[in-house]
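Everything below belongs to model_38.cif, which stores mmCIF, C-alpha atoms.
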data_work
loop_
_atom_site.group_PDB
_atom_site.id
_atom_site.type_symbol
_atom_site.label_atom_id
_atom_site.label_comp_id
_atom_site.auth_asym_id
_atom_site.auth_seq_id
_atom_site.Cartn_x
_atom_site.Cartn_y
_atom_site.Cartn_z
ATOM 1 C CA MET P 13 2.626 7.064 -43.245
ATOM 2 C CA SER P 14 -0.010 4.468 -44.041
ATOM 3 C CA GLN P 15 -1.947 2.588 -41.372
ATOM 4 C CA LYS P 16 -0.149 -0.639 -42.309
ATOM 5 C CA ASN P 17 3.269 1.015 -41.872
ATOM 6 C CA LYS P 18 2.262 2.468 -38.494
ATOM 7 C CA ILE P 19 1.233 -0.962 -37.231
ATOM 8 C CA TYR P 20 4.456 -2.475 -38.584
ATOM 9 C CA PHE P 21 6.510 0.282 -36.924
ATOM 10 C CA GLN P 22 4.723 -0.218 -33.574
ATOM 11 C CA TYR P 23 5.333 -3.946 -33.838
ATOM 12 C CA LEU P 24 9.063 -3.400 -34.405
ATOM 13 C CA ILE P 25 9.348 -0.995 -31.468
ATOM 14 C CA THR P 26 7.517 -3.434 -29.182
ATOM 15 C CA LEU P 27 9.701 -6.318 -30.351
ATOM 16 C CA PHE P 28 12.820 -4.220 -29.751
ATOM 17 C CA PHE P 29 11.830 -3.444 -26.150
ATOM 18 C CA VAL P 30 10.862 -7.051 -25.428
ATOM 19 C CA VAL P 31 14.257 -8.263 -26.667
ATOM 20 C CA LEU P 32 16.041 -5.510 -24.730
ATOM 21 C CA ILE P 33 14.271 -6.295 -21.453
ATOM 22 C CA LYS P 34 14.726 -10.068 -21.861
ATOM 23 C CA SER P 35 18.440 -9.693 -22.607
ATOM 24 C CA CYS P 36 18.970 -7.684 -19.431
ATOM 25 C CA GLY P 37 17.777 -10.555 -17.233
ATOM 26 C CA ILE P 38 15.968 -9.727 -14.047
ATOM 27 C CA TYR P 39 15.863 -6.001 -13.518
ATOM 28 C CA SER P 40 14.446 -4.032 -10.683
ATOM 29 C CA PHE P 41 13.737 -0.302 -10.780
ATOM 30 C CA THR P 42 15.500 -0.047 -7.408
ATOM 31 C CA GLY P 43 18.747 -1.118 -9.052
ATOM 32 C CA ALA P 44 18.780 -4.594 -7.514
ATOM 33 C CA SER P 45 20.581 -7.286 -9.468
ATOM 34 C CA ILE P 46 18.886 -10.424 -8.194
ATOM 35 C CA PRO P 47 20.201 -13.766 -9.505
ATOM 36 C CA VAL P 48 17.760 -15.896 -11.497
ATOM 37 C CA GLY P 49 15.844 -18.291 -9.244
ATOM 38 C CA THR P 50 16.309 -16.207 -6.101
ATOM 39 C CA GLU P 51 13.017 -15.969 -4.241
ATOM 40 C CA THR P 52 13.768 -15.511 -0.534
ATOM 41 C CA PHE P 53 16.047 -13.684 1.847
ATOM 42 C CA GLN P 54 16.843 -14.193 5.494
ATOM 43 C CA VAL P 55 18.132 -11.626 7.994
ATOM 44 C CA ASN P 56 19.529 -13.289 11.086
ATOM 45 C CA TYR P 57 19.456 -11.375 14.354
ATOM 46 C CA PHE P 58 22.337 -8.886 14.603
ATOM 47 C CA ASP P 59 23.777 -9.241 18.100
ATOM 48 C CA ASN P 60 24.957 -6.052 19.796
ATOM 49 C CA ILE P 61 28.475 -6.836 21.008
ATOM 50 C CA ALA P 62 29.590 -3.190 20.975
ATOM 51 C CA GLY P 63 29.998 -3.160 24.756
ATOM 52 C CA ASN P 64 32.985 -5.507 24.395
ATOM 53 C CA ARG P 65 34.952 -2.805 22.579
ATOM 54 C CA PRO P 66 36.715 0.024 24.456
ATOM 55 C CA GLY P 67 34.816 3.290 24.096
ATOM 56 C CA SER P 68 31.622 1.564 22.996
ATOM 57 C CA THR P 69 28.463 1.091 24.987
ATOM 58 C CA ILE P 70 25.518 -1.262 24.715
ATOM 59 C CA GLU P 71 22.310 0.450 23.670
ATOM 60 C CA PRO P 72 19.261 -1.664 24.621
ATOM 61 C CA GLY P 73 17.085 -2.579 21.645
ATOM 62 C CA LEU P 74 19.663 -1.488 19.057
ATOM 63 C CA ASP P 75 20.112 -5.052 17.822
ATOM 64 C CA ARG P 76 16.387 -5.551 17.259
ATOM 65 C CA ASP P 77 15.948 -2.141 15.616
ATOM 66 C CA PHE P 78 18.855 -2.667 13.225
ATOM 67 C CA THR P 79 17.711 -6.167 12.250
ATOM 68 C CA LEU P 80 14.229 -4.817 11.461
ATOM 69 C CA ALA P 81 15.659 -1.866 9.500
ATOM 70 C CA LEU P 82 17.660 -4.236 7.280
ATOM 71 C CA GLN P 83 14.626 -6.453 6.737
ATOM 72 C CA ASP P 84 12.536 -3.392 5.840
ATOM 73 C CA ILE P 85 14.894 -2.099 3.152
ATOM 74 C CA LEU P 86 15.071 -5.532 1.513
ATOM 75 C CA ILE P 87 11.290 -5.923 1.596
ATOM 76 C CA ASN P 88 10.759 -2.430 0.178
ATOM 77 C CA GLN P 89 13.437 -2.522 -2.533
ATOM 78 C CA THR P 90 13.082 -6.090 -3.825
ATOM 79 C CA ASN P 91 10.311 -8.518 -4.654
ATOM 80 C CA LEU P 92 11.922 -11.211 -2.487
ATOM 81 C CA ASN P 93 10.089 -12.900 0.367
ATOM 82 C CA LEU P 94 11.394 -12.785 3.940
ATOM 83 C CA THR P 95 11.968 -16.177 5.530
ATOM 84 C CA ASN P 96 13.373 -17.351 8.869
ATOM 85 C CA THR P 97 15.305 -20.355 7.506
ATOM 86 C CA ASN P 98 16.974 -21.503 4.291
ATOM 87 C CA GLY P 99 16.882 -18.129 2.546
ATOM 88 C CA ASP P 100 18.438 -17.865 -0.906
ATOM 89 C CA LEU P 101 20.195 -14.741 0.391
ATOM 90 C CA VAL P 102 21.348 -14.631 4.018
ATOM 91 C CA PHE P 103 22.462 -11.565 5.967
ATOM 92 C CA GLU P 104 24.022 -11.962 9.394
ATOM 93 C CA GLY P 105 26.477 -10.168 11.625
ATOM 94 C CA GLU P 106 27.028 -8.082 14.716
ATOM 95 C CA ILE P 107 26.876 -4.480 15.843
ATOM 96 C CA ILE P 108 30.492 -3.975 16.861
ATOM 97 C CA GLU P 109 30.657 -0.273 17.679
ATOM 98 C CA TYR P 110 28.293 2.176 19.312
ATOM 99 C CA GLY P 111 30.174 5.168 20.616
ATOM 100 C CA ILE P 112 30.079 8.893 21.141
ATOM 101 C CA SER P 113 33.179 11.000 20.635
ATOM 102 C CA PRO P 114 33.837 14.752 20.689
ATOM 103 C CA MET P 115 34.310 16.242 17.218
ATOM 104 C CA SER P 116 35.160 19.891 17.791
ATOM 105 C CA ALA P 117 36.181 21.977 20.779
ATOM 106 C CA THR P 118 35.333 25.434 22.087
ATOM 107 C CA ALA P 119 37.828 28.021 23.266
ATOM 108 C CA GLU P 120 37.301 26.652 26.798
ATOM 109 C CA ASN P 121 38.485 23.192 25.664
ATOM 110 C CA THR P 122 35.054 21.623 25.949
ATOM 111 C CA ALA P 123 33.224 19.729 23.217
ATOM 112 C CA ALA P 124 31.178 21.851 20.852
ATOM 113 C CA GLN P 125 29.937 18.911 18.839
ATOM 114 C CA ASN P 126 29.714 15.172 19.419
ATOM 115 C CA ARG P 127 29.521 12.278 16.985
ATOM 116 C CA LEU P 128 27.572 9.056 17.449
ATOM 117 C CA THR P 129 29.100 6.265 15.363
ATOM 118 C CA ILE P 130 27.625 2.834 14.715
ATOM 119 C CA THR P 131 29.612 0.084 12.997
ATOM 120 C CA VAL P 132 28.139 -3.209 11.852
ATOM 121 C CA ASN P 133 30.018 -6.300 10.683
ATOM 122 C CA VAL P 134 27.995 -8.070 7.960
ATOM 123 C CA ARG P 135 28.310 -11.502 6.404
ATOM 124 C CA TYR P 136 26.341 -11.974 3.192
ATOM 125 C CA PHE P 137 25.712 -15.381 1.633
ATOM 126 C CA ASN P 138 24.169 -15.807 -1.805
ATOM 127 C CA LYS P 139 23.255 -19.465 -2.335
ATOM 128 C CA LYS P 140 22.559 -18.904 -6.043
ATOM 129 C CA LYS P 141 25.792 -17.042 -6.781
ATOM 130 C CA GLU P 142 28.424 -17.862 -4.149
ATOM 131 C CA GLU P 143 31.096 -15.627 -5.700
ATOM 132 C CA ASP P 144 29.017 -12.671 -4.407
ATOM 133 C CA ASN P 145 29.468 -13.723 -0.747
ATOM 134 C CA TYR P 146 31.297 -11.229 1.435
ATOM 135 C CA GLU P 147 32.112 -10.177 4.971
ATOM 136 C CA THR P 148 32.692 -6.486 5.568
ATOM 137 C CA ARG P 149 32.095 -3.641 7.996
ATOM 138 C CA PHE P 150 29.686 -0.800 7.424
ATOM 139 C CA SER P 151 29.789 2.347 9.502
ATOM 140 C CA PHE P 152 28.103 5.709 9.649
ATOM 141 C CA PHE P 153 27.737 8.584 12.100
ATOM 142 C CA TYR P 154 25.469 11.367 13.295
ATOM 143 C CA ASP P 155 26.847 14.687 14.570
ATOM 144 C CA PHE P 156 24.964 16.636 17.239
ATOM 145 C CA PRO P 157 25.584 19.668 19.485
ATOM 146 C CA ALA P 158 27.425 18.914 22.702
ATOM 147 C CA GLU P 159 24.739 20.557 24.829
ATOM 148 C CA GLN P 160 22.278 17.837 23.775
ATOM 149 C CA GLN P 161 22.164 14.423 25.408
ATOM 150 C CA ILE P 162 22.168 11.235 23.360
ATOM 151 C CA TYR P 163 18.674 10.411 24.606
ATOM 152 C CA ASP P 164 17.371 13.670 23.089
ATOM 153 C CA ILE P 165 18.587 12.811 19.584
ATOM 154 C CA LYS P 166 18.707 8.998 19.720
ATOM 155 C CA ASP P 167 15.663 8.251 17.552
ATOM 156 C CA THR P 168 16.663 10.705 14.826
ATOM 157 C CA ALA P 169 20.307 9.620 14.943
ATOM 158 C CA HIS P 170 19.504 5.905 14.786
ATOM 159 C CA GLY P 171 17.086 6.484 11.902
ATOM 160 C CA GLU P 172 19.652 8.348 9.800
ATOM 161 C CA ILE P 173 22.488 5.962 10.607
ATOM 162 C CA PHE P 174 20.375 2.847 9.948
ATOM 163 C CA GLU P 175 19.112 4.300 6.664
ATOM 164 C CA ARG P 176 22.655 4.871 5.431
ATOM 165 C CA ILE P 177 24.137 1.578 6.656
ATOM 166 C CA THR P 178 21.257 -0.567 5.368
ATOM 167 C CA GLN P 179 21.386 1.192 1.984
ATOM 168 C CA ASP P 180 25.146 0.550 1.834
ATOM 169 C CA ILE P 181 24.539 -3.152 2.637
ATOM 170 C CA PHE P 182 21.838 -3.322 -0.054
ATOM 171 C CA ASN P 183 24.149 -1.653 -2.592
ATOM 172 C CA ALA P 184 27.064 -3.981 -1.789
ATOM 173 C CA SER P 185 24.983 -7.138 -1.984
ATOM 174 C CA LEU P 186 22.277 -6.528 -4.588
ATOM 175 C CA ALA P 187 23.006 -3.291 -6.454
ATOM 176 C CA LYS P 188 26.740 -4.007 -6.848
ATOM 177 C CA TRP P 189 27.754 -0.376 -6.278
#
Same coordinates, now as structure tokens:
Amino acid sequence: MSQKNKIYFQYLITLFFVVLIKSCGIYSFTGASIPVGTETFQVNYFDNIAGNRPGSTIEPGLDRDFTLALQDILINQTNLNLTNTNGDLVFEGEIIEYGISPMSATAENTAAQNRLTITVNVRYFNKKKEEDNYETRFSFFYDFPAEQQIYDIKDTAHGEIFERITQDIFNASLAKW
């Protein structure tokens, strides 16, 4: 192949990829589908109202920790800027369940394993594409041996549950999974 043909071939390949990328709109390698013109997001404080529900308890600091976890995933997986007011994308809601329940029993009819479950009600508003707005519940759990106390596993459990719930919120709002 002559030098002229190589240059022509490279030009065509480059042109092909430029057209392909432009036709796909805004693309993020995290899988986010961010509407054109969207620059900011806002995560309002998630109140912990779990104590109002039978079987649930209030865990101090859970509301703050969850709000920060949701902000972190959006900062890390998008190029959007966090704002306190007038965000193009707004996330708000409440922690509505925080409870521990026995999952399996021993021969002596005592719990062998417990499950911590956290449920969050989320309202998502997209000012650039209002048909994407939703309100839904996200829930996840962490199983642990009955001989352990919640305070022994709390940090690990909250980390795993928050990671899963915040990823599910991200997928529902920006990845469209």
Do you have, as a tab-separated table, the list of residues of segment 52-73 of chain P lying at most 10 Å from segment 82-104 of chain P, each with its nearest atom pair and that distance in Å to one decimal, counting only C-alpha atoms and ordered by chain then number?
residue	atom	partner	partner_atom	distance
P:Thr52	CA	P:Asn93	CA	4.6
P:Phe53	CA	P:Leu101	CA	4.5
P:Gln54	CA	P:Val102	CA	4.8
P:Val55	CA	P:Phe103	CA	4.8
P:Asn56	CA	P:Glu104	CA	5.0
P:Tyr57	CA	P:Glu104	CA	6.8
P:Phe58	CA	P:Glu104	CA	6.3
P:Asp59	CA	P:Glu104	CA	9.1
For Ile46 of chain P, which residue among P:Lys166, P:Arg127, P:Arg176, P:Lys188 is the nearest when counting only C-alpha atoms?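 The answer is P:Lys188, which sits nearest to Ile46 of chain P.
Taking all atoms listed in the file into account, Phe156 of chain P lies nearest to P:Ala123 out of the set P:Ile108, P:Ala123, P:Val134, P:Ala184.
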Calculate how many Å separate atom CA of Lys140 of chain P from atom CA of Ile181 of chain P, rounding to one decimal. 18.1 Å
Work out how far apart atom CA of Gly67 of chain P and atom CA of His170 of chain P are and give it in Å to one decimal.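 So the two atoms, atom CA of Gly67 of chain P and atom CA of His170 of chain P, lie 18.1 Å apart.
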How many Å separate atom CA of Ile61 of chain P from atom CA of Glu106 of chain P? 6.6 Å
Pick from P:Tyr146, P:Tyr110, P:Phe182, P:Tyr136: nearest to Pro66 of chain P, with all atoms listed in the file counted?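 When distances to Pro66 of chain P are compared using all atoms listed in the file, the smallest one comes from P:Tyr110.
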Have a look at P:Gln15, P:Ser185, P:Thr122, P:Ser113 and name the one nearest to Phe137 of chain P; count only C-alpha atoms.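 Closest to Phe137 of chain P of all the choices is P:Ser185.
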